[in-house]
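Participant: Pasting run.pdb here (PDB, C-alpha atoms):
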ATOM      1  CA  MET J 256     -15.494   5.057 -10.696
ATOM      2  CA  SER J 257     -12.364   3.260 -11.807
ATOM      3  CA  ASP J 258     -11.057   0.525 -14.060
ATOM      4  CA  ARG J 259      -8.448  -1.635 -12.327
ATOM      5  CA  ARG J 260      -6.836  -2.488 -15.664
ATOM      6  CA  ARG J 261      -5.609   1.110 -15.830
ATOM      7  CA  GLY J 262      -3.944   0.608 -12.480
ATOM      8  CA  VAL J 263      -2.709   2.984  -9.822
ATOM      9  CA  VAL J 264       0.138   5.475  -9.654
ATOM     10  CA  VAL J 265       1.615   5.831  -6.166
ATOM     11  CA  ILE J 266       3.504   9.035  -5.342
ATOM     12  CA  GLY J 267       5.762   9.393  -2.320
ATOM     13  CA  ASP J 268       8.844   7.847  -0.743
ATOM     14  CA  ALA J 269      11.184   4.921  -1.315
ATOM     15  CA  LEU J 270      14.041   4.179   1.058
ATOM     16  CA  ILE J 271      16.180   1.668   2.888
ATOM     17  CA  ASP J 272      15.155   0.693   6.414
ATOM     18  CA  GLU J 273      18.287  -0.008   8.440
ATOM     19  CA  ILE J 274      16.959  -2.044  11.345
ATOM     20  CA  ARG J 275      18.991  -2.161  14.556
ATOM     21  CA  ASP J 276      17.933  -4.467  17.376
ATOM     22  CA  ALA J 277      19.193  -7.287  19.552
ATOM     23  CA  ALA J 278      19.558  -9.495  16.471
ATOM     24  CA  GLY J 279      22.016  -7.057  14.889
ATOM     25  CA  VAL J 280      21.759  -4.751  11.885
ATOM     26  CA  ARG J 281      19.974  -5.590   8.653
ATOM     27  CA  GLU J 282      18.521  -3.688   5.732
ATOM     28  CA  LEU J 283      15.113  -3.939   4.089
ATOM     29  CA  VAL J 284      13.693  -1.974   1.186
ATOM     30  CA  GLY J 285      10.874   0.216   2.452
ATOM     31  CA  GLY J 286       9.123   3.532   2.352
ATOM     32  CA  ALA J 287       5.390   4.060   2.747
ATOM     33  CA  ALA J 288       4.639   4.765  -0.919
ATOM     34  CA  LEU J 289       6.867   1.910  -2.071
ATOM     35  CA  ASN J 290       5.094  -0.471   0.311
ATOM     36  CA  VAL J 291       1.718   0.631  -1.047
ATOM     37  CA  ALA J 292       2.816   0.179  -4.672
ATOM     38  CA  VAL J 293       4.265  -3.281  -4.038
ATOM     39  CA  GLY J 294       1.246  -4.176  -1.920
ATOM     40  CA  LEU J 295      -1.106  -3.261  -4.736
ATOM     41  CA  ARG J 296       0.879  -5.418  -7.136
ATOM     42  CA  ARG J 297       0.617  -8.343  -4.704
ATOM     43  CA  LEU J 298      -3.141  -7.776  -4.705
ATOM     44  CA  GLY J 299      -3.157  -8.075  -8.481
ATOM     45  CA  VAL J 300      -3.367  -4.374  -9.320
ATOM     46  CA  PRO J 301      -0.949  -2.803 -11.840
ATOM     47  CA  ALA J 302       0.961  -0.118  -9.940
ATOM     48  CA  THR J 303       3.659   2.407 -10.826
ATOM     49  CA  LEU J 304       5.755   4.243  -8.228
ATOM     50  CA  ILE J 305       6.885   7.858  -8.588
ATOM     51  CA  ALA J 306       9.601   8.543  -6.003
ATOM     52  CA  MET J 307      13.060   9.969  -5.465
ATOM     53  CA  VAL J 308      15.801   7.326  -5.676
ATOM     54  CA  GLY J 309      19.528   7.957  -5.718
ATOM     55  CA  ALA J 310      22.174   6.693  -8.145
ATOM     56  CA  ASP J 311      23.933   4.576  -5.518
ATOM     57  CA  ALA J 312      24.042   1.051  -4.114
ATOM     58  CA  ALA J 313      20.944   1.655  -1.998
ATOM     59  CA  GLY J 314      19.130   2.918  -5.071
ATOM     60  CA  ASP J 315      20.167  -0.173  -7.005
ATOM     61  CA  HIS J 316      18.702  -2.312  -4.217
ATOM     62  CA  ILE J 317      15.437  -0.372  -4.326
ATOM     63  CA  ARG J 318      15.213  -0.684  -8.114
ATOM     64  CA  GLU J 319      15.940  -4.414  -7.980
ATOM     65  CA  TYR J 320      13.279  -4.947  -5.341
ATOM     66  CA  LEU J 321      10.667  -3.071  -7.374
ATOM     67  CA  ALA J 322      11.611  -5.021 -10.508
ATOM     68  CA  ASP J 323      11.253  -8.283  -8.578
ATOM     69  CA  HIS J 324       7.696  -7.242  -7.735
ATOM     70  CA  ASP J 325       6.908  -5.973 -11.245
ATOM     71  CA  VAL J 326       6.429  -2.368 -10.129
ATOM     72  CA  PRO J 327       7.702   0.211 -12.649
ATOM     73  CA  LEU J 328       9.634   3.094 -11.079
ATOM     74  CA  ILE J 329       9.623   6.642 -12.412
ATOM     75  CA  ASP J 330      12.390   8.116 -10.333
ATOM     76  CA  SER J 331      13.442  11.642  -9.521
ATOM     77  CA  PRO J 332      17.186  12.279  -9.217
ATOM     78  CA  SER J 333      18.680  12.865  -5.784
ATOM     79  CA  GLU J 334      21.866  14.813  -5.240
ATOM     80  CA  HIS J 335      22.056  13.411  -1.705
ATOM     81  CA  GLY J 336      21.697   9.752  -2.692
ATOM     82  CA  SER J 337      18.918   7.417  -1.631
ATOM     83  CA  SER J 338      16.821   7.927   1.460
ATOM     84  CA  ARG J 339      17.571   5.841   4.528
ATOM     85  CA  ALA J 340      15.812   5.362   7.868
ATOM     86  CA  VAL J 341      17.654   3.903  10.851
ATOM     87  CA  VAL J 342      15.035   2.041  12.872
ATOM     88  CA  HIS J 343      15.320   1.493  16.624
ATOM     89  CA  TRP J 344      12.658   0.141  18.967
ATOM     90  CA  SER J 345      11.279   2.031  21.940
ATOM     91  CA  PRO J 346      10.843   0.332  25.338
ATOM     92  CA  GLN J 347       7.132   0.116  24.435
ATOM     93  CA  GLY J 348       7.980  -1.827  21.271
ATOM     94  CA  GLU J 349       7.209   0.987  18.829
ATOM     95  CA  PRO J 350       9.572   1.813  15.926
ATOM     96  CA  GLU J 351      11.592   5.032  16.153
ATOM     97  CA  TYR J 352      13.227   6.490  13.048
ATOM     98  CA  THR J 353      16.290   8.580  12.290
ATOM     99  CA  PHE J 354      16.424   9.804   8.689
ATOM    100  CA  ASN J 355      19.434  10.726   6.568
ATOM    101  CA  GLU J 356      19.807  13.992   4.647
ATOM    102  CA  ALA J 357      18.326  12.559   1.452
ATOM    103  CA  ALA J 358      15.111  11.598   3.245
ATOM    104  CA  GLN J 359      14.871  14.981   4.942
ATOM    105  CA  ARG J 360      15.337  16.793   1.614
ATOM    106  CA  ARG J 361      13.277  14.469  -0.541
ATOM    107  CA  SER J 362      11.890  16.005  -3.692
ATOM    108  CA  ILE J 363       9.831  14.713  -6.609
ATOM    109  CA  ARG J 364      10.044  15.975 -10.164
ATOM    110  CA  PHE J 365       7.141  15.270 -12.485
ATOM    111  CA  SER J 366       8.734  14.322 -15.788
ATOM    112  CA  ASP J 367       6.772  13.785 -18.990
ATOM    113  CA  ASP J 368       6.771  10.054 -18.225
ATOM    114  CA  ALA J 369       5.375  10.731 -14.762
ATOM    115  CA  LEU J 370       2.655  13.011 -16.087
ATOM    116  CA  ASP J 371       1.681  10.475 -18.752
ATOM    117  CA  ALA J 372       1.446   7.723 -16.119
ATOM    118  CA  ILE J 373      -0.709   9.924 -13.890
ATOM    119  CA  THR J 374      -3.044  10.773 -16.760
ATOM    120  CA  ASP J 375      -3.466   7.101 -17.711
ATOM    121  CA  ALA J 376      -4.030   5.782 -14.168
ATOM    122  CA  ALA J 377      -7.454   5.045 -12.730
ATOM    123  CA  LEU J 378      -6.450   6.372  -9.327
ATOM    124  CA  ILE J 379      -3.540   8.181  -7.678
ATOM    125  CA  ALA J 380      -2.388   7.191  -4.195
ATOM    126  CA  ILE J 381      -0.189   9.638  -2.270
ATOM    127  CA  SER J 382       1.733   8.651   0.853
ATOM    128  CA  CYS J 383       4.554  10.271   2.817
ATOM    129  CA  PHE J 384       4.797  13.256   0.492
ATOM    130  CA  PRO J 385       6.693  16.420   1.595
ATOM    131  CA  PHE J 386       3.551  18.453   2.156
ATOM    132  CA  ASP J 387       5.563  21.042   4.123
ATOM    133  CA  SER J 388       7.228  22.286   0.932
ATOM    134  CA  ALA J 389       5.007  24.773  -0.897
ATOM    135  CA  ALA J 390       6.923  24.214  -4.148
ATOM    136  CA  GLU J 391       6.529  20.425  -3.931
ATOM    137  CA  VAL J 392       2.814  20.744  -3.158
ATOM    138  CA  ALA J 393       2.278  23.146  -6.062
ATOM    139  CA  ALA J 394       3.961  20.739  -8.477
ATOM    140  CA  LEU J 395       1.943  17.805  -7.124
ATOM    141  CA  THR J 396      -1.322  19.740  -7.304
ATOM    142  CA  ASP J 397      -0.704  20.608 -10.951
ATOM    143  CA  ALA J 398       0.309  17.027 -11.788
ATOM    144  CA  VAL J 399      -2.814  15.405 -10.306
ATOM    145  CA  ALA J 400      -5.280  18.151 -11.200
ATOM    146  CA  ASP J 401      -7.780  15.868 -12.940
ATOM    147  CA  SER J 402      -7.098  12.649 -11.019
ATOM    148  CA  HIS J 403      -9.011  10.636  -8.429
ATOM    149  CA  LEU J 404      -6.975  10.755  -5.214
ATOM    150  CA  VAL J 405      -6.443   8.654  -2.104
ATOM    151  CA  ILE J 406      -4.121  10.294   0.429
ATOM    152  CA  ASP J 407      -2.222   9.154   3.500
ATOM    153  CA  PRO J 408      -0.202  12.092   4.898
ATOM    154  CA  ASN J 409       2.121   9.719   6.776
ATOM    155  CA  PRO J 410       4.239  12.461   8.370
ATOM    156  CA  ARG J 411       7.496  11.477  10.050
ATOM    157  CA  ALA J 412       8.884  13.549  12.914
ATOM    158  CA  GLY J 413      12.416  13.165  11.555
ATOM    159  CA  MET J 414      11.378  14.537   8.160
ATOM    160  CA  LEU J 415       8.939  17.236   9.268
ATOM    161  CA  ARG J 416      10.342  20.732   8.816
ATOM    162  CA  ASP J 417       7.243  22.926   9.175
ATOM    163  CA  ARG J 418       4.177  21.477  10.869
ATOM    164  CA  ALA J 419       1.790  24.296   9.943
ATOM    165  CA  GLU J 420       2.907  24.254   6.315
ATOM    166  CA  PHE J 421       2.516  20.473   6.179
ATOM    167  CA  VAL J 422      -1.064  20.741   7.423
ATOM    168  CA  ARG J 423      -1.854  23.444   4.844
ATOM    169  CA  GLY J 424      -0.392  21.441   1.982
ATOM    170  CA  PHE J 425      -2.019  18.193   3.065
ATOM    171  CA  GLU J 426      -5.465  19.665   3.675
ATOM    172  CA  GLY J 427      -5.452  21.458   0.327
ATOM    173  CA  LEU J 428      -5.403  18.132  -1.508
ATOM    174  CA  ALA J 429      -7.328  16.161   1.124
ATOM    175  CA  ALA J 430     -10.324  18.409   0.528
ATOM    176  CA  ARG J 431     -10.800  16.907  -2.948
ATOM    177  CA  ALA J 432      -9.718  13.319  -2.252
ATOM    178  CA  GLU J 433     -11.913  10.254  -2.723
ATOM    179  CA  LEU J 434     -10.575   8.941   0.589
ATOM    180  CA  VAL J 435      -8.072  10.106   3.188
ATOM    181  CA  LYS J 436      -6.386   7.695   5.582
ATOM    182  CA  VAL J 437      -5.058   9.053   8.873
ATOM    183  CA  GLY J 438      -3.707   7.376  11.973
ATOM    184  CA  ALA J 439      -3.449   8.147  15.647
ATOM    185  CA  ASP J 440       0.223   9.110  15.188
ATOM    186  CA  ASP J 441      -0.751  11.619  12.490
ATOM    187  CA  ALA J 442      -3.278  13.223  14.828
ATOM    188  CA  VAL J 443      -0.614  13.610  17.523
ATOM    189  CA  LEU J 444       2.125  14.923  15.230
ATOM    190  CA  LEU J 445       0.037  17.301  13.122
ATOM    191  CA  TYR J 446      -2.972  18.235  15.251
ATOM    192  CA  ASP J 447      -4.005  18.027  18.903
ATOM    193  CA  GLY J 448      -4.106  14.228  19.145
ATOM    194  CA  ASP J 449      -7.880  13.855  18.785
ATOM    195  CA  LEU J 450      -8.293  11.337  15.956
ATOM    196  CA  ASP J 451     -12.080  11.546  15.920
ATOM    197  CA  ALA J 452     -11.920  15.332  15.617
ATOM    198  CA  LEU J 453      -9.412  15.019  12.791
ATOM    199  CA  ARG J 454     -11.706  12.601  10.964
ATOM    200  CA  ARG J 455     -14.606  15.032  11.242
ATOM    201  CA  ARG J 456     -12.405  17.952  10.173
ATOM    202  CA  LEU J 457     -11.316  16.196   6.993
ATOM    203  CA  ARG J 458     -14.886  15.286   6.143
ATOM    204  CA  ASP J 459     -15.962  18.897   6.709
ATOM    205  CA  LEU J 460     -13.183  20.036   4.362
ATOM    206  CA  GLY J 461     -14.648  17.882   1.609
ATOM    207  CA  ALA J 462     -12.913  14.487   1.701
ATOM    208  CA  GLY J 463     -15.231  11.849   0.220
ATOM    209  CA  ALA J 464     -14.399   9.380   2.978
ATOM    210  CA  VAL J 465     -11.965   9.211   5.887
ATOM    211  CA  LEU J 466     -10.382   6.081   7.325
ATOM    212  CA  ALA J 467      -9.001   6.665  10.823
ATOM    213  CA  THR J 468      -6.764   3.893  12.173
ATOM    214  CA  ALA J 469      -5.862   3.582  15.847
ATOM    215  CA  GLY J 470      -3.583   0.555  16.143
ATOM    216  CA  ALA J 471      -4.856  -1.953  18.662
ATOM    217  CA  ASP J 472      -8.112   0.018  18.943
ATOM    218  CA  GLY J 473      -9.035  -0.797  15.349
ATOM    219  CA  ALA J 474     -10.339   1.667  12.788
ATOM    220  CA  VAL J 475     -13.291   3.861  11.889
ATOM    221  CA  LEU J 476     -14.349   4.644   8.333
ATOM    222  CA  GLU J 477     -16.698   7.565   7.729
ATOM    223  CA  SER J 478     -18.393   8.312   4.409
ATOM    224  CA  ASP J 479     -21.690   9.662   3.138
ATOM    225  CA  SER J 480     -23.115   6.198   3.870
ATOM    226  CA  GLY J 481     -22.349   6.505   7.568
ATOM    227  CA  GLU J 482     -19.731   5.598  10.139
ATOM    228  CA  PHE J 483     -18.310   2.089  10.391
ATOM    229  CA  ALA J 484     -15.982   0.714  13.063
ATOM    230  CA  ALA J 485     -13.854  -2.419  12.922
ATOM    231  CA  PRO J 486     -11.606  -4.031  15.539
ATOM    232  CA  ILE J 487      -8.222  -5.507  14.770
ATOM    233  CA  VAL J 488      -8.473  -8.944  13.186
ATOM    234  CA  ALA J 489      -7.261 -12.023  15.055
ATOM    235  CA  LEU J 490      -5.195 -14.379  12.889
ATOM    236  CA  PRO J 491      -2.977 -17.357  13.716
ATOM    237  CA  GLY J 492       0.604 -16.532  14.676
ATOM    238  CA  ARG J 493       2.127 -13.768  16.737
ATOM    239  CA  VAL J 494       2.530 -10.136  15.736
ATOM    240  CA  VAL J 495       6.116  -9.724  14.546
ATOM    241  CA  ASP J 496       6.386  -6.211  13.096
ATOM    242  CA  THR J 497       3.749  -3.470  13.001
ATOM    243  CA  VAL J 498       5.718  -1.183  10.651
ATOM    244  CA  GLY J 499       3.808  -2.124   7.494
ATOM    245  CA  ALA J 500       0.280  -2.224   8.913
ATOM    246  CA  GLY J 501      -0.744   1.243   7.775
ATOM    247  CA  ASP J 502       0.690   0.815   4.288
ATOM    248  CA  ALA J 503      -1.038  -2.553   3.897
ATOM    249  CA  THR J 504      -4.315  -0.972   4.997
ATOM    250  CA  MET J 505      -3.823   1.804   2.459
ATOM    251  CA  ALA J 506      -3.103  -0.651  -0.370
ATOM    252  CA  ALA J 507      -6.147  -2.752   0.449
ATOM    253  CA  VAL J 508      -8.407   0.303   0.550
ATOM    254  CA  VAL J 509      -7.078   1.556  -2.786
ATOM    255  CA  GLU J 510      -7.588  -1.877  -4.321
ATOM    256  CA  GLY J 511     -11.160  -1.912  -3.066
ATOM    257  CA  LEU J 512     -11.932   1.512  -4.520
ATOM    258  CA  LEU J 513     -10.883   0.356  -7.979
ATOM    259  CA  ASP J 514     -13.994  -1.796  -8.125
ATOM    260  CA  GLY J 515     -16.136   1.298  -7.700
ATOM    261  CA  HIS J 516     -16.806   3.789  -4.954
ATOM    262  CA  PRO J 517     -19.056   2.008  -2.403
ATOM    263  CA  THR J 518     -22.561   3.406  -2.220
ATOM    264  CA  THR J 519     -24.012   1.170   0.484
ATOM    265  CA  ASP J 520     -23.311   0.298   4.100
ATOM    266  CA  ALA J 521     -22.400  -3.232   3.058
ATOM    267  CA  GLY J 522     -19.919  -2.006   0.465
ATOM    268  CA  TRP J 523     -18.057   0.267   2.856
ATOM    269  CA  ARG J 524     -18.047  -2.358   5.598
ATOM    270  CA  ALA J 525     -16.659  -4.983   3.224
ATOM    271  CA  LEU J 526     -13.884  -2.594   2.169
ATOM    272  CA  LEU J 527     -12.984  -1.835   5.788
ATOM    273  CA  ASP J 528     -13.089  -5.459   6.918
ATOM    274  CA  ARG J 529     -10.826  -6.565   4.059
ATOM    275  CA  ALA J 530      -8.317  -3.801   4.792
ATOM    276  CA  MET J 531      -8.149  -4.775   8.468
ATOM    277  CA  ALA J 532      -7.626  -8.442   7.579
ATOM    278  CA  VAL J 533      -4.772  -7.579   5.216
ATOM    279  CA  ALA J 534      -3.152  -5.390   7.886
ATOM    280  CA  ALA J 535      -3.413  -8.217  10.419
ATOM    281  CA  ALA J 536      -1.690 -10.628   8.036
ATOM    282  CA  THR J 537       1.061  -8.140   7.190
ATOM    283  CA  VAL J 538       2.176  -7.632  10.788
ATOM    284  CA  ARG J 539       2.871 -11.351  11.157
ATOM    285  CA  ALA J 540       6.194 -11.081   9.333
ATOM    286  CA  GLU J 541       9.072  -8.601   9.431
ATOM    287  CA  GLY J 542       9.121  -5.683   7.039
ATOM    288  CA  GLY J 543       6.493  -3.695   5.203
ATOM    289  CA  LEU J 544       5.657  -6.228   2.502
ATOM    290  CA  LEU J 545       1.909  -6.783   2.261
ATOM    291  CA  ARG J 546       0.545 -10.198   3.150
ATOM    292  CA  THR J 547      -3.022 -11.455   2.966
ATOM    293  CA  PRO J 548      -4.690 -14.035   5.196
ATOM    294  CA  GLU J 549      -4.764 -16.301   2.147
ATOM    295  CA  SER J 550      -1.031 -15.969   1.530
ATOM    296  CA  LEU J 551      -0.247 -16.741   5.174
ATOM    297  CA  ALA J 552      -2.384 -19.866   5.013
ATOM    298  CA  ALA J 553      -0.468 -20.926   1.900
ATOM    299  CA  GLY J 554       2.875 -20.403   3.639
ATOM    300  CA  ASP J 555       3.830 -17.493   1.370
ATOM    301  CA  HIS J 556       5.986 -15.042   3.299
ATOM    302  CA  GLY J 557       6.631 -13.020   0.162
ATOM    303  CA  LEU J 558      10.181 -11.950   0.917
ATOM    304  CA  TYR J 559      11.097 -11.517  -2.727
ATOM    305  CA  GLY J 560      13.850  -9.025  -3.459
ATOM    306  CA  SER J 561      14.362  -7.963   0.149
TER     307      SER J 561
END
Re-express the file's structure as structure tokens.

Facilitator:
Amino acid sequence: MSDRRRGVVVIGDALIDEIRDAAGVRELVGGAALNVAVGLRRLGVPATLIAMVGADAAGDHIREYLADHDVPLIDSPSEHGSSRAVVHWSPQGEPEYTFNEAAQRRSIRFSDDALDAITDAALIAISCFPFDSAAEVAALTDAVADSHLVIDPNPRAGMLRDRAEFVRGFEGLAARAELVKVGADDAVLLYDGDLDALRRRLRDLGAGAVLATAGADGAVLESDSGEFAAPIVALPGRVVDTVGAGDATMAAVVEGLLDGHPTTDAGWRALLDRAMAVAAATVRAEGGLLRTPESLAAGDHGLYGS
């Protein structure tokens, strides 16, 4: 299907994670789409990010981080500055987010440079896009009209303005995607909480494949070749931060699809197993930066630019 030399364009969010916990307050560059783009680059895939970034100190930090990882940025202007998420931890150890006005009003403009990059790319990955804005969805749909798509809706409660509109916008593009990734949190926030039912719904709509991730319960990938389940992968070291697991999974899946759409059970299982291993490595360090089992074994924590 695809040629990895043409690379991937990732469309979505870029922000600053302001982490508050017992250790104090610190800032890391983040955002689901940014994590996917940087993750792809760390997997050896050329990747370009299309996102809204402000003309401010936070935006400078985001741009520096992307440059450190050799990820070109095609940015949309933001009158409210750069997006920011204040991250607290629930008593159950799960991250909870509060978003600033820029994140809640995020918007992407598809410039000529953006459209050229989309046309040239082998595959387009979309994550944490404002699917609840009809105008944003219409612009995105026009921009990626002839592209191969992989989509992760990645809704955030603090950004979600219209649940029904988000579902409509998301499903409109999911119906023609090569693969859609959804998680248990997505099923709860957007649907009735039944992840298996959501997976079947997306397949019935027309998605080529659906990857449903359920945290500690592992993942299920369904395609025309069948249904494949995988548990979480056990690696040395303790789990430090689960924030980047989904983005790492997404990046690994996208990287796998660049070698051709799997047509056999073995191909799909290999793609799923690799994605789960990458996710397991990523959660063994703080932040959303993708790690691989190989990089952990080599002592590479990858904290460049953060």

Participant: So which residues get picked by the PyMOL selection byres ((chain J and resi 447-459) around 10) here, written as a ChimeraX atom specification?

Facilitator: /J:426,429-432,434-446,460-469,475-479

Participant: Convert the output of the PyMOL selection byres ((chain J and resi 388) around 9) on the shown file into explicit residues, formatted as a PyMOL selection string.

Facilitator: chain J and resi 385-387+389-393+416-417+420-421+424

Participant: For Pro410 of chain J, which residue among J:Asp268, J:Ser333, J:Val533, J:Tyr320 is the nearest when counting all atoms listed in the file?

Facilitator: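 Under the stated criterion, the closest residue is J:Asp268.
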
Participant: Give me, please, the distance in Å between atom CA of His343 of chain J and atom CA of His316 of chain J, quoted to one decimal.

Facilitator: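 Separating atom CA of His343 of chain J from atom CA of His316 of chain J is a distance of 21.5 Å.
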
Participant: So what does the PyMOL selection byres ((chain J and resi 527) around 9) actually pick up in this one, as a ChimeraX atom specification?

Facilitator: /J:466,474-476,483-485,504,507-508,522-526,528-532

Participant: Can I get the selection written as an mmCIF file, keeping the file's coordinate frame, with C-alpha atoms?

Facilitator:
data_model
loop_
_atom_site.group_PDB
_atom_site.id
_atom_site.type_symbol
_atom_site.label_atom_id
_atom_site.label_comp_id
_atom_site.auth_asym_id
_atom_site.auth_seq_id
_atom_site.Cartn_x
_atom_site.Cartn_y
_atom_site.Cartn_z
ATOM 1 C CA LEU J 466 -10.382 6.081 7.325
ATOM 2 C CA ALA J 474 -10.339 1.667 12.788
ATOM 3 C CA VAL J 475 -13.291 3.861 11.889
ATOM 4 C CA LEU J 476 -14.349 4.644 8.333
ATOM 5 C CA PHE J 483 -18.310 2.089 10.391
ATOM 6 C CA ALA J 484 -15.982 0.714 13.063
ATOM 7 C CA ALA J 485 -13.854 -2.419 12.922
ATOM 8 C CA THR J 504 -4.315 -0.972 4.997
ATOM 9 C CA ALA J 507 -6.147 -2.752 0.449
ATOM 10 C CA VAL J 508 -8.407 0.303 0.550
ATOM 11 C CA GLY J 522 -19.919 -2.006 0.465
ATOM 12 C CA TRP J 523 -18.057 0.267 2.856
ATOM 13 C CA ARG J 524 -18.047 -2.358 5.598
ATOM 14 C CA ALA J 525 -16.659 -4.983 3.224
ATOM 15 C CA LEU J 526 -13.884 -2.594 2.169
ATOM 16 C CA ASP J 528 -13.089 -5.459 6.918
ATOM 17 C CA ARG J 529 -10.826 -6.565 4.059
ATOM 18 C CA ALA J 530 -8.317 -3.801 4.792
ATOM 19 C CA MET J 531 -8.149 -4.775 8.468
ATOM 20 C CA ALA J 532 -7.626 -8.442 7.579
#

Participant: Here is a test: counting all atoms listed in the file, which residue of J:Ala471, J:Ala419, J:Ala536, J:Val342 is nearest to Asp272 of chain J?

Facilitator: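 Result for the nearest residue to Asp272 of chain J: J:Val342.
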
Participant: Near Glu356 of chain J, within 8 Å and counting only C-alpha atoms, which residues show up once chain neighbours fewer than 4 positions away are dropped, as a PDB file with C-alpha atoms, in the coordinates of the input?

Facilitator:
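The result, written out as part_34.pdb:
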ATOM      1  CA  HIS J 335      22.056  13.411  -1.705  1.00  0.00           C
ATOM      2  CA  SER J 338      16.821   7.927   1.460  1.00  0.00           C
ATOM      3  CA  ARG J 360      15.337  16.793   1.614  1.00  0.00           C
TER       4      ARG J 360
END

Participant: With only C-alpha atoms as the basis for distance, which of J:Asn290, J:Asn409, J:Ser382, J:Gln347 is at the shortest distance from Gly267 of chain J?

Facilitator: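 Result for the nearest residue to Gly267 of chain J: J:Ser382.
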
Participant: Between J:Thr353, J:Thr497, J:Ser550, J:Ser480, which has the minimum distance to His516 of chain J (counting only C-alpha atoms)?

Facilitator: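 Closest to His516 of chain J of all the choices is J:Ser480.
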
Participant: Quick one: everything within 7 Å of Asp502 of chain J, counting all atoms listed in the file, minus sequence neighbours fewer than 2 positions away in the same chain. Send it as a list in words.

Facilitator: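 Residues meeting the cut-off are Ala287, Asn290, Val291, Gly499, Ala500, Thr504, Met505 and Ala506 of chain J.
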
Participant: How many Å separate atom CA of Tyr352 of chain J from atom CA of Arg364 of chain J?

Facilitator: 25.3 Å

Participant: Between atom CA of Leu415 of chain J and atom CA of Gly427 of chain J, what is the spacing in Å?

Facilitator: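 For atom CA of Gly427 of chain J relative to atom CA of Leu415 of chain J, the distance reads 17.5 Å.
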
Participant: For Ala288 of chain J, find every residue with an atom within 12 Å (counting all atoms listed in the file), except residues of its own chain fewer than 2 positions away, and show them as JSON, numbers by chain.

Facilitator: {"J": [263, 264, 265, 266, 267, 268, 269, 270, 284, 285, 286, 290, 291, 292, 293, 294, 295, 302, 303, 304, 305, 306, 307, 321, 326, 328, 379, 380, 381, 382, 383, 384, 405, 406, 407, 408, 409, 499, 501, 502, 503, 505, 506, 543, 544]}

Participant: For a quick check of understanding, using all atoms listed in the file, which of J:Arg411, J:Asp276, J:Arg361, J:Glu541 has the smallest distance to Pro346 of chain J?

Facilitator: J:Asp276

Participant: Quick one: what's the axis-aligned box for segment 478-492 of chain J, all listed atoms, 4 Å on every side, centre and edges in Å to one decimal, as JSON?

Facilitator:
{"center_x": -11.3, "center_y": -3.8, "center_z": 9.3, "size_x": 31.7, "size_y": 35.0, "size_z": 20.4}
